[in-house]
Amino acid sequence: SVDMHAYTTALDKIIEERLVDKLVIVDGKDSAQLFQVNNRWLGKSSASSHSLTGQQYASTMIGFDMIRNHPCFEPNDLVLQMDSDIIIKCNCDIIRQCASIFERDPSVVTFAFPIPSKGGVALQHLDKAGKPFRFEIRCSFLHLDRLVAMLPLRAHDVKVPSENYCIDNGWWHTLDYNIQLNGMKSCRGDLCTSCFLHPPNEFKMSTTERINLLIVSDVISQAIATSLLWEKQLGCVN
């Protein structure tokens with residue numbers, strides 16, 4: 001079971017420590033807000049906040065709207081969406097290099113933050129099998145204006161009544177479908193030696209494992225990555 005007191009205390013703490021500027025909390029009680037976000041983003045009349053298989057999406061979409069309505073937001077601004085447990089190894093001006101991809105190609109909606117590699121992978125939007133790359137939900141840049149221009153997103157193969165659920169699974173599958181539908185792209189490629197890694201959940205289950213993970217994160221962030229173990233990490237996001 002979830003310890004809600006500990007959870008809300010942790011949320012208060014990250015606000016106090018200025019780790020984030022704003023928390024988007026959707027508890028399902030404001031049905032008017034949910035009807036509004038589902039209508040705007042998915043073209044559905046529903047108060048659902050999660051997909052049929054349990055993935056939340058409402059707070060993400062509300063967060064995107066909050067960003068676009070913020071006074072500092074300007075046209076063509078990018079959003080870097082990432083999981084809170086992502087580890088970043090940064091050796092260059094990766095943000096500027098990623099931004100340049102969107103500037104060069106107006107059909108790019110998402111660009112995945114690079115994963116560890118030996119380099120030399122050119123910018124591409126199709127995998128080896130010729131299939132379009134999916135949106136990398138764990139760590140990607142999003143061109144918010146181009147995403148919003150596709151609204152409302154069309155749900156693909158919804159097998160449940162719209163009054164109960166708007167989508168069957170994670171909202172990123174709906175985004176993938178609409179990117180293809182609109183002739184747009186999700187791209188991947190190596191820009192420099194910067195990369196991200198995603199710690200599997202089993203690495204976060206105990207205090208000892210979490211401490212070890214902090215050590216690993218510190219080593220990676222300092223770019224001390226020349227060992228045989230790092231060689232095995234190349235090409236792997238987890």
# chains A, B, ... in the order shown; residues from 1 in each chain; ligands from 1

call {"tool": "closest_atom_pairs", "arguments": {"of": "region 60-176 of chain A", "to": "region 203-216 of chain A", "cutoff": "12 Å", "atoms": "only C-alpha atoms", "output": "Markdown table"}}
result
| residue | atom | partner | partner_atom | distance |
| --- | --- | --- | --- | --- |
| A:Asp85 | CA | A:Lys204 | CA | 9.5 |
| A:Ile86 | CA | A:Leu213 | CA | 11.0 |
| A:Ile87 | CA | A:Val216 | CA | 9.0 |
| A:Ile88 | CA | A:Val216 | CA | 11.1 |
| A:Lys89 | CA | A:Val216 | CA | 11.1 |

call {"tool": "residues_around", "arguments": {"residues": "Asp65 (chain A)", "least_positions_apart": "5", "cutoff": "10 Å", "atoms": "only C-alpha atoms", "output": "ChimeraX atom specification"}}
result
/A:37,41,59-60,70,144,148

call {"tool": "write_last_selection", "arguments": {"atoms": "N, CA, C and O atoms", "output": "compact mmCIF listing (two decimals), in the first residue's frame"}}
result
# COMPACT_ATOMS: atom_id res chain seq x y z
N VAL A 37 -9.54 18.62 -20.39
CA VAL A 37 -8.29 18.12 -20.95
C VAL A 37 -8.54 16.98 -21.94
O VAL A 37 -7.89 16.88 -22.98
N TRP A 41 -7.36 17.46 -25.77
CA TRP A 41 -6.24 16.64 -26.23
C TRP A 41 -6.67 15.40 -27.00
O TRP A 41 -5.95 14.96 -27.91
N SER A 59 -2.27 14.43 -16.07
CA SER A 59 -1.36 15.41 -15.47
C SER A 59 -0.27 15.83 -16.47
O SER A 59 0.19 16.98 -16.46
N THR A 60 0.14 14.91 -17.35
CA THR A 60 1.13 15.25 -18.37
C THR A 60 0.58 16.29 -19.32
O THR A 60 1.23 17.30 -19.62
N HIS A 70 2.64 29.66 -19.85
CA HIS A 70 3.55 30.39 -18.96
C HIS A 70 4.10 31.62 -19.68
O HIS A 70 4.37 31.58 -20.89
N LEU A 144 6.66 21.41 -28.56
CA LEU A 144 5.30 21.50 -28.01
C LEU A 144 4.31 22.10 -29.00
O LEU A 144 3.17 21.64 -29.11
N VAL A 148 0.92 20.27 -30.26
CA VAL A 148 -0.40 20.87 -30.06
C VAL A 148 -1.12 21.08 -31.39
O VAL A 148 -2.35 20.99 -31.46

call {"tool": "residues_around", "arguments": {"residues": "region 107-117 of chain A", "least_positions_apart": "3", "cutoff": "6 Å", "atoms": "only C-alpha atoms", "output": "ChimeraX atom specification"}}
result
/A:102,136,139-143,184-188,190,195-196,234-235,237

call {"tool": "closest_residue", "arguments": {"among": "A:Arg134, A:Arg40, A:His50, A:Lys13", "to": "Ala149 (chain A)", "atoms": "only C-alpha atoms"}}
result
A:Arg40

call {"tool": "residues_around", "arguments": {"residues": "region 169-174 of chain A", "least_positions_apart": "3", "cutoff": "6 Å", "atoms": "only C-alpha atoms", "output": "list in words"}}
result
Ser51, Thr53, Gln55, Ala155 and Tyr177 of chain A

call {"tool": "write_last_selection", "arguments": {"atoms": "all heavy atoms", "output": "PDB file, in the first residue's frame"}}
result
ATOM      1  N   SER A  51      -5.400   5.520 -18.585  1.00  0.00           N
ATOM      2  CA  SER A  51      -5.791   4.624 -19.666  1.00  0.00           C
ATOM      3  C   SER A  51      -6.419   3.359 -19.082  1.00  0.00           C
ATOM      4  O   SER A  51      -6.397   3.137 -17.867  1.00  0.00           O
ATOM      5  CB  SER A  51      -4.566   4.236 -20.502  1.00  0.00           C
ATOM      6  OG  SER A  51      -3.699   3.394 -19.744  1.00  0.00           O
ATOM      7  N   THR A  53      -5.284   0.423 -19.172  1.00  0.00           N
ATOM      8  CA  THR A  53      -4.268  -0.407 -18.516  1.00  0.00           C
ATOM      9  C   THR A  53      -3.555   0.306 -17.372  1.00  0.00           C
ATOM     10  O   THR A  53      -2.572  -0.209 -16.833  1.00  0.00           O
ATOM     11  CB  THR A  53      -3.238  -0.898 -19.553  1.00  0.00           C
ATOM     12  OG1 THR A  53      -2.795   0.206 -20.349  1.00  0.00           O
ATOM     13  CG2 THR A  53      -3.862  -1.942 -20.465  1.00  0.00           C
ATOM     14  N   GLN A  55      -2.079   3.559 -17.075  1.00  0.00           N
ATOM     15  CA  GLN A  55      -1.094   4.636 -17.206  1.00  0.00           C
ATOM     16  C   GLN A  55      -1.794   5.992 -17.165  1.00  0.00           C
ATOM     17  O   GLN A  55      -2.771   6.204 -17.860  1.00  0.00           O
ATOM     18  CB  GLN A  55      -0.317   4.512 -18.529  1.00  0.00           C
ATOM     19  CG  GLN A  55       0.537   3.270 -18.641  1.00  0.00           C
ATOM     20  CD  GLN A  55      -0.193   2.132 -19.316  1.00  0.00           C
ATOM     21  OE1 GLN A  55      -1.411   2.157 -19.441  1.00  0.00           O
ATOM     22  NE2 GLN A  55       0.545   1.123 -19.754  1.00  0.00           N
ATOM     23  N   ALA A 155      -7.294   8.584 -31.022  1.00  0.00           N
ATOM     24  CA  ALA A 155      -6.950   7.337 -30.354  1.00  0.00           C
ATOM     25  C   ALA A 155      -6.957   6.204 -31.367  1.00  0.00           C
ATOM     26  O   ALA A 155      -7.810   6.152 -32.257  1.00  0.00           O
ATOM     27  CB  ALA A 155      -7.933   7.047 -29.224  1.00  0.00           C
ATOM     28  N   TYR A 177       1.036   7.132 -33.000  1.00  0.00           N
ATOM     29  CA  TYR A 177       0.056   6.943 -34.071  1.00  0.00           C
ATOM     30  C   TYR A 177      -0.234   8.256 -34.791  1.00  0.00           C
ATOM     31  O   TYR A 177      -0.283   8.320 -36.029  1.00  0.00           O
ATOM     32  CB  TYR A 177      -1.221   6.361 -33.482  1.00  0.00           C
ATOM     33  CG  TYR A 177      -2.369   6.221 -34.459  1.00  0.00           C
ATOM     34  CD1 TYR A 177      -2.283   5.367 -35.552  1.00  0.00           C
ATOM     35  CD2 TYR A 177      -3.548   6.945 -34.278  1.00  0.00           C
ATOM     36  CE1 TYR A 177      -3.340   5.244 -36.446  1.00  0.00           C
ATOM     37  CE2 TYR A 177      -4.609   6.820 -35.167  1.00  0.00           C
ATOM     38  CZ  TYR A 177      -4.505   5.971 -36.246  1.00  0.00           C
ATOM     39  OH  TYR A 177      -5.541   5.844 -37.132  1.00  0.00           O
TER      40      TYR A 177
END

call {"tool": "select_by_dssp", "arguments": {"residues": "chain A", "states": "strand (DSSP E)", "output": "number ranges by chain"}}
result
A: 78-82, 87-89, 108-112, 139-143, 185-187, 195-197

call {"tool": "closest_residue", "arguments": {"among": "A:Gln124, A:Ser194, A:Asn182, A:Ser84", "to": "Pro152 (chain A)", "atoms": "only C-alpha atoms"}}
result
A:Asn182

call {"tool": "atom_distance", "arguments": {"atom1": "CA of Ala6 (chain A)", "atom2": "CA of Leu19 (chain A)"}}
result
17.6 Å

call {"tool": "closest_residue", "arguments": {"among": "A:Leu126, A:Leu175, A:Met4, A:Leu147", "to": "Val79 (chain A)", "atoms": "only C-alpha atoms"}}
result
A:Leu147

call {"tool": "select_by_dssp", "arguments": {"residues": "region 36-122 of chain A", "states": "helix (DSSP H, G or I)", "output": "list in words"}}
result
Gln36, Val37, Asn38, Asn39, Arg40, Trp41, Leu42, Ala58, Ser59, Thr60, Met61, Ile62, Gly63, Phe64, Asp65, Met66, Ile67, Arg68, Ile94, Ile95, Arg96, Gln97, Cys98, Ala99, Ser100, Ile101, Phe102, Glu103 and Arg104 of chain A

call {"tool": "atom_distance", "arguments": {"atom1": "CA of Gly43 (chain A)", "atom2": "CA of Lys29 (chain A)"}}
result
20.6 Å

call {"tool": "decode", "arguments": {"residues": "region 207-220 of chain A", "atoms": "all heavy atoms", "output": "mmCIF file, in the first residue's frame"}}
result
data_model
loop_
_atom_site.group_PDB
_atom_site.id
_atom_site.type_symbol
_atom_site.label_atom_id
_atom_site.label_comp_id
_atom_site.auth_asym_id
_atom_site.auth_seq_id
_atom_site.Cartn_x
_atom_site.Cartn_y
_atom_site.Cartn_z
ATOM 1 N N THR A 207 17.336 0.386 0.471
ATOM 2 C CA THR A 207 18.224 1.515 0.774
ATOM 3 C C THR A 207 19.616 1.284 0.220
ATOM 4 O O THR A 207 20.231 2.192 -0.359
ATOM 5 C CB THR A 207 18.297 1.731 2.295
ATOM 6 O OG1 THR A 207 16.988 1.982 2.798
ATOM 7 C CG2 THR A 207 19.202 2.906 2.627
ATOM 8 N N THR A 208 20.141 0.074 0.367
ATOM 9 C CA THR A 208 21.489 -0.238 -0.128
ATOM 10 C C THR A 208 21.568 -0.069 -1.632
ATOM 11 O O THR A 208 22.517 0.528 -2.160
ATOM 12 C CB THR A 208 21.870 -1.685 0.245
ATOM 13 O OG1 THR A 208 21.847 -1.830 1.664
ATOM 14 C CG2 THR A 208 23.266 -2.021 -0.283
ATOM 15 N N GLU A 209 20.548 -0.578 -2.340
ATOM 16 C CA GLU A 209 20.549 -0.460 -3.793
ATOM 17 C C GLU A 209 20.450 0.987 -4.229
ATOM 18 O O GLU A 209 21.082 1.394 -5.206
ATOM 19 C CB GLU A 209 19.392 -1.288 -4.374
ATOM 20 C CG GLU A 209 19.625 -2.782 -4.275
ATOM 21 C CD GLU A 209 18.372 -3.582 -4.572
ATOM 22 O OE1 GLU A 209 17.275 -3.055 -4.328
ATOM 23 O OE2 GLU A 209 18.496 -4.728 -5.024
ATOM 24 N N ARG A 210 19.663 1.786 -3.494
ATOM 25 C CA ARG A 210 19.537 3.195 -3.853
ATOM 26 C C ARG A 210 20.845 3.942 -3.621
ATOM 27 O O ARG A 210 21.210 4.832 -4.401
ATOM 28 C CB ARG A 210 18.395 3.831 -3.056
ATOM 29 C CG ARG A 210 17.009 3.385 -3.517
ATOM 30 C CD ARG A 210 15.929 4.285 -2.975
ATOM 31 N NE ARG A 210 15.780 4.189 -1.537
ATOM 32 C CZ ARG A 210 14.986 3.324 -0.911
ATOM 33 N NH1 ARG A 210 14.272 2.467 -1.625
ATOM 34 N NH2 ARG A 210 14.896 3.322 0.392
ATOM 35 N N ILE A 211 21.571 3.608 -2.559
ATOM 36 C CA ILE A 211 22.867 4.239 -2.298
ATOM 37 C C ILE A 211 23.857 3.861 -3.397
ATOM 38 O O ILE A 211 24.593 4.708 -3.914
ATOM 39 C CB ILE A 211 23.404 3.821 -0.912
ATOM 40 C CG1 ILE A 211 22.537 4.455 0.184
ATOM 41 C CG2 ILE A 211 24.862 4.249 -0.757
ATOM 42 C CD1 ILE A 211 22.884 3.999 1.577
ATOM 43 N N ASN A 212 23.864 2.568 -3.789
ATOM 44 C CA ASN A 212 24.739 2.135 -4.878
ATOM 45 C C ASN A 212 24.407 2.874 -6.171
ATOM 46 O O ASN A 212 25.291 3.226 -6.950
ATOM 47 C CB ASN A 212 24.610 0.626 -5.087
ATOM 48 C CG ASN A 212 25.249 -0.176 -3.964
ATOM 49 O OD1 ASN A 212 26.119 0.336 -3.254
ATOM 50 N ND2 ASN A 212 24.840 -1.418 -3.799
ATOM 51 N N LEU A 213 23.127 3.099 -6.381
ATOM 52 C CA LEU A 213 22.686 3.796 -7.586
ATOM 53 C C LEU A 213 23.188 5.238 -7.590
ATOM 54 O O LEU A 213 23.567 5.776 -8.630
ATOM 55 C CB LEU A 213 21.165 3.757 -7.678
ATOM 56 C CG LEU A 213 20.541 4.226 -8.994
ATOM 57 C CD1 LEU A 213 21.061 3.396 -10.162
ATOM 58 C CD2 LEU A 213 19.024 4.119 -8.911
ATOM 59 N N LEU A 214 23.206 5.872 -6.415
ATOM 60 C CA LEU A 214 23.736 7.234 -6.313
ATOM 61 C C LEU A 214 25.215 7.267 -6.659
ATOM 62 O O LEU A 214 25.693 8.197 -7.311
ATOM 63 C CB LEU A 214 23.513 7.775 -4.896
ATOM 64 C CG LEU A 214 22.066 8.107 -4.516
ATOM 65 C CD1 LEU A 214 21.986 8.466 -3.041
ATOM 66 C CD2 LEU A 214 21.547 9.263 -5.370
ATOM 67 N N ILE A 215 25.954 6.239 -6.231
ATOM 68 C CA ILE A 215 27.382 6.160 -6.549
ATOM 69 C C ILE A 215 27.579 5.998 -8.050
ATOM 70 O O ILE A 215 28.413 6.673 -8.667
ATOM 71 C CB ILE A 215 28.035 4.986 -5.783
ATOM 72 C CG1 ILE A 215 27.963 5.241 -4.261
ATOM 73 C CG2 ILE A 215 29.483 4.790 -6.233
ATOM 74 C CD1 ILE A 215 28.388 4.067 -3.419
ATOM 75 N N VAL A 216 26.793 5.099 -8.645
ATOM 76 C CA VAL A 216 26.875 4.885 -10.092
ATOM 77 C C VAL A 216 26.547 6.181 -10.834
ATOM 78 O O VAL A 216 27.229 6.560 -11.784
ATOM 79 C CB VAL A 216 25.908 3.756 -10.528
ATOM 80 C CG1 VAL A 216 25.813 3.700 -12.056
ATOM 81 C CG2 VAL A 216 26.363 2.424 -9.971
ATOM 82 N N SER A 217 25.512 6.866 -10.382
ATOM 83 C CA SER A 217 25.103 8.119 -11.011
ATOM 84 C C SER A 217 26.223 9.145 -10.937
ATOM 85 O O SER A 217 26.486 9.866 -11.913
ATOM 86 C CB SER A 217 23.844 8.653 -10.320
ATOM 87 O OG SER A 217 23.471 9.901 -10.857
ATOM 88 N N ASP A 218 26.908 9.207 -9.798
ATOM 89 C CA ASP A 218 27.991 10.164 -9.623
ATOM 90 C C ASP A 218 29.147 9.854 -10.565
ATOM 91 O O ASP A 218 29.728 10.751 -11.187
ATOM 92 C CB ASP A 218 28.466 10.125 -8.169
ATOM 93 C CG ASP A 218 29.198 11.392 -7.769
ATOM 94 O OD1 ASP A 218 28.817 12.467 -8.247
ATOM 95 O OD2 ASP A 218 30.168 11.292 -6.992
ATOM 96 N N VAL A 219 29.464 8.586 -10.704
ATOM 97 C CA VAL A 219 30.549 8.172 -11.598
ATOM 98 C C VAL A 219 30.214 8.532 -13.043
ATOM 99 O O VAL A 219 31.037 9.071 -13.777
ATOM 100 C CB VAL A 219 30.808 6.655 -11.466
ATOM 101 C CG1 VAL A 219 31.762 6.184 -12.568
ATOM 102 C CG2 VAL A 219 31.378 6.326 -10.094
ATOM 103 N N ILE A 220 28.979 8.234 -13.437
ATOM 104 C CA ILE A 220 28.564 8.505 -14.816
ATOM 105 C C ILE A 220 28.548 9.999 -15.099
ATOM 106 O O ILE A 220 28.995 10.456 -16.149
ATOM 107 C CB ILE A 220 27.181 7.890 -15.085
ATOM 108 C CG1 ILE A 220 27.292 6.366 -15.082
ATOM 109 C CG2 ILE A 220 26.602 8.376 -16.405
ATOM 110 C CD1 ILE A 220 25.965 5.658 -15.130
#
